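The next block holds one structure in the form of structure tokens; read it before the comments.
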Amino acid sequence: MANLNWVGKDEIKTHHQKVEYQTIDCKEVIGDSESENLIIEGDNLLALKSLVPYYSNSIKMIYIDPPYNTGNTSWVYNDNVSSETIKKWLGKSVNAEDLNRSDKWLNMMYPRLKLLHKLLKEDGVIFISIDDNEVANLRLLMNEIFGKNNFVGQFVWRKRTGSNDALANLSIDHEYILVYGKENFENFQGEKKDFENYKNPDNDPRGEWITDNLTCNKTATERPNLNYPITDPKTGNTYQANKNRVWVYSKERMEKYILEGKILFPKKENGTPMYKRHKSEVRSQFKPISSLLGDFLNTEATKELKNIFKKQVFDYSKSSNLIKFLVLQATNPNSNDIILDSFAGSGTTAQAVLEMNQQDNGNRKFILIEMEKHIAKPITAERVKRVINGYSFKGKEKTELFTKKLTSSQILNSKTMIKIADEVAEIEKNKKDNFTKIEKKFENNTITLNGITEIDEFKNGIGGGYKFCQLGENLLDEFGELNLNLSFSVIAKHLYFLEFKQPLKNPPKRGNFVGEFRGNFLYFFGDKKFTFSDLSSILLTLNDYEKIIVYTIAKEISPEIEQEYNLVVRKL
Ligand SMILES: C[S@@+](CC[C@H](N)C(=O)[O-])C[C@H]1O[C@@H](n2cnc3c(N)ncnc32)[C@H](O)[C@@H]1O
């Protein structure tokens, strides 16, 4: 496998392990107080590390939109890595003239991607927006961290329609979204298949069907076993295989299909037999989505944010429809899936999750992280608050009700066109009361039906809620000792993760018992010496166990007792 090397790689490889755990303090609640959504203000390196004990292997979808390292917008590499090379870079602006630009960017991304990998569920998926500046480096970096085998694809996403003034007279109108799974990612939801061509003119009890090709893209020399004649049992007419495109099925399978009436023989001897494909045998109701994304322009994103704030408050936001599309493809509505965006910017991901839940009654959650103080509260959190509670707005809002790309043969087929017109008229009739007007468009062979709502003063909120959080105290003090000022439940979560590398789902609020994993029982004695009488009390509560693990400030217990009771005492 091709490996990527850069200045600082050796020093950065273990950096994520050295980053301190901090507490995440959530003091402000907006909207629904039960909501598990979080917006965290802070550097994502620290925030992601602090999320690990709570959400390790728990995040279903990650979307990130990191700085692209274009040179046009400067950023600062400030991770506190103890290496002389890297220390020289700290606090200095990274811009177009910086010869170490890519090195710094890779050093910034590496530990964050390592932590994101830890947080992702085994069947989860990560999407990363990027452009030509770093896409090649990012692919190699992701191969290293997520594994080449877990590369799912690379969306090419059209960001503008008009061309820009460009070097070499080439207008770059697209960006990319890299997609990697973890170990068990299976597939996207896909796009609903269109079954309108399936009919049942002969009242076949097996239901609606279409005629399908019976040949394949192989010659008689390439597949001699598929080159055989077939006979219509009713007429006795025989049909030879086409030498350039032989039959698609083996002789045995073809004979079975003939008996089952699945082969449609032509009336004329020189016609072509076809396959009768029933709707019931189509394995999935969904077809694959395209890796080309064309409907989510940057202008749409800018307008959307401007509508919420009445002015331009943020420069590089993405369209919430783009993120909604990814959320729809990668998550389930009713599995409490968590979506994480650790370069949150204007908070588009939160809006997309809330809107997607509203659309399909879902219960997905979001976690957003934004580092900049002047963005996290006044823009990220404020946008989400307005989406939840509503905001004053005068203008038009568009909701897509129907879209269909037609093939040329469909356009020329009057029966198909009448059917589509009927379908459109039906939607128009059913939806017209929900909108100010319905707009119909036919462009690039695509029929689109949009519901237009003219909003006079106020756009209603869609509900939901979130907690606004900041990073708090370090888990360990300056001597590397556990910070005993923290609440029991915070300590419990961290000790549990330290011991079992699993997040503790329901931490107890008080007491000494922390949690259990595979028969191993974990206890915390932070304010007293652990004695034999404590062990006796624990034993009274346990019927069967593998090991008892105790974190304590001091112990008064002999090694023999530890051995006899399978007890492990760890000193804090
Ligand atoms: C390109 S913007 C993301 C835009 C976002 N997708 C949207 O639609 O608004 C990148 C954001 O990441 C933030 N950021 C950069 N480095 C960060 C870090 N280390 N931790 C957290 N946020 C960071 C920046 O402040 C910026 O707001």
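So you can find residues: chains in the structure tokens are A, B, ... in the order shown, residues in each start at 1, and ligands are numbered from 1 in order.
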
Checklist entry - Near range 235-243 of chain A, within 10 Å and counting only C-alpha atoms, which residues show up once chain neighbours fewer than 6 positions away are dropped, as JSON, numbers by chain? => result {"A": [214, 215, 216, 218, 219, 220, 221, 222, 223, 224, 226, 227, 228, 229, 265, 266, 267, 268, 269, 270, 271, 272, 273]}

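Once Thr448 in chain A and its same-chain neighbours fewer than 4 positions away are set aside, Glu400, Leu401, Phe402, Thr403, Lys404, Lys405, Glu439, Lys440, Lys441, Phe442 and Glu443 of chain A remain within 9 Å of it when counting only C-alpha atoms.
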
Could the residues in this selection be saved with N, CA, C and O atoms as a PDB file, in the first residue's frame?
ATOM      1  N   GLU A 400     -39.751  20.593  -2.327  1.00  0.00           N
ATOM      2  CA  GLU A 400     -39.890  19.734  -3.510  1.00  0.00           C
ATOM      3  C   GLU A 400     -40.922  18.645  -3.240  1.00  0.00           C
ATOM      4  O   GLU A 400     -40.852  17.934  -2.248  1.00  0.00           O
ATOM      5  N   LEU A 401     -41.918  18.547  -4.122  1.00  0.00           N
ATOM      6  CA  LEU A 401     -42.984  17.566  -3.918  1.00  0.00           C
ATOM      7  C   LEU A 401     -42.830  16.361  -4.839  1.00  0.00           C
ATOM      8  O   LEU A 401     -43.259  15.259  -4.534  1.00  0.00           O
ATOM      9  N   PHE A 402     -42.199  16.591  -5.977  1.00  0.00           N
ATOM     10  CA  PHE A 402     -42.110  15.514  -6.972  1.00  0.00           C
ATOM     11  C   PHE A 402     -41.003  15.866  -7.950  1.00  0.00           C
ATOM     12  O   PHE A 402     -40.859  17.021  -8.353  1.00  0.00           O
ATOM     13  N   THR A 403     -40.175  14.876  -8.298  1.00  0.00           N
ATOM     14  CA  THR A 403     -39.197  15.113  -9.362  1.00  0.00           C
ATOM     15  C   THR A 403     -38.979  13.810 -10.107  1.00  0.00           C
ATOM     16  O   THR A 403     -38.929  12.739  -9.500  1.00  0.00           O
ATOM     17  N   LYS A 404     -38.912  13.924 -11.421  1.00  0.00           N
ATOM     18  CA  LYS A 404     -38.720  12.700 -12.217  1.00  0.00           C
ATOM     19  C   LYS A 404     -37.942  13.026 -13.477  1.00  0.00           C
ATOM     20  O   LYS A 404     -38.306  13.929 -14.231  1.00  0.00           O
ATOM     21  N   LYS A 405     -36.810  12.311 -13.654  1.00  0.00           N
ATOM     22  CA  LYS A 405     -36.037  12.500 -14.885  1.00  0.00           C
ATOM     23  C   LYS A 405     -36.573  11.498 -15.908  1.00  0.00           C
ATOM     24  O   LYS A 405     -36.700  10.301 -15.606  1.00  0.00           O
ATOM     25  N   GLU A 439     -45.622  25.091  -8.021  1.00  0.00           N
ATOM     26  CA  GLU A 439     -44.879  25.498  -9.223  1.00  0.00           C
ATOM     27  C   GLU A 439     -44.452  24.236  -9.976  1.00  0.00           C
ATOM     28  O   GLU A 439     -43.894  23.329  -9.385  1.00  0.00           O
ATOM     29  N   LYS A 440     -44.747  24.219 -11.309  1.00  0.00           N
ATOM     30  CA  LYS A 440     -44.371  23.050 -12.117  1.00  0.00           C
ATOM     31  C   LYS A 440     -43.258  23.444 -13.076  1.00  0.00           C
ATOM     32  O   LYS A 440     -43.314  24.531 -13.658  1.00  0.00           O
ATOM     33  N   LYS A 441     -42.238  22.578 -13.232  1.00  0.00           N
ATOM     34  CA  LYS A 441     -41.133  22.917 -14.134  1.00  0.00           C
ATOM     35  C   LYS A 441     -40.786  21.701 -14.967  1.00  0.00           C
ATOM     36  O   LYS A 441     -40.852  20.566 -14.483  1.00  0.00           O
ATOM     37  N   PHE A 442     -40.395  21.930 -16.227  1.00  0.00           N
ATOM     38  CA  PHE A 442     -39.867  20.840 -17.040  1.00  0.00           C
ATOM     39  C   PHE A 442     -38.557  21.331 -17.652  1.00  0.00           C
ATOM     40  O   PHE A 442     -38.553  22.172 -18.538  1.00  0.00           O
ATOM     41  N   GLU A 443     -37.445  20.871 -17.090  1.00  0.00           N
ATOM     42  CA  GLU A 443     -36.127  21.329 -17.534  1.00  0.00           C
ATOM     43  C   GLU A 443     -35.197  20.142 -17.618  1.00  0.00           C
ATOM     44  O   GLU A 443     -35.225  19.284 -16.730  1.00  0.00           O
TER      45      GLU A 443
END

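Selecting all polymer residues at most 6 Å from ligand 1, using only C-alpha atoms and all ligand atoms, gives Asp43, Asn44, Asp65, Pro66, Pro67, Tyr316, Ser317, Lys318, Ser342, Phe343, Ala344, Gly345, Ser346, Gly347, Thr348, Ile369, Glu370, Met371 and Glu372 of chain A.
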
Next on the checklist: Neighbouring residues of range 96-105 of chain A were defined as those with any atom within 6 Å, considering only C-alpha atoms; residues of the same chain fewer than 3 positions away were excluded. Please report them as an NGL selection string.
Outcome noted: :A and (6-7 or 71 or 108)

Next on the checklist: To test your reading of the structure, identify every residue in range 38-204 of chain A that backbone DSSP assigns to alpha helix (DSSP H), and report it as a PyMOL selection string.
Outcome noted: chain A and resi 44-55+84-87+101-119+135-142
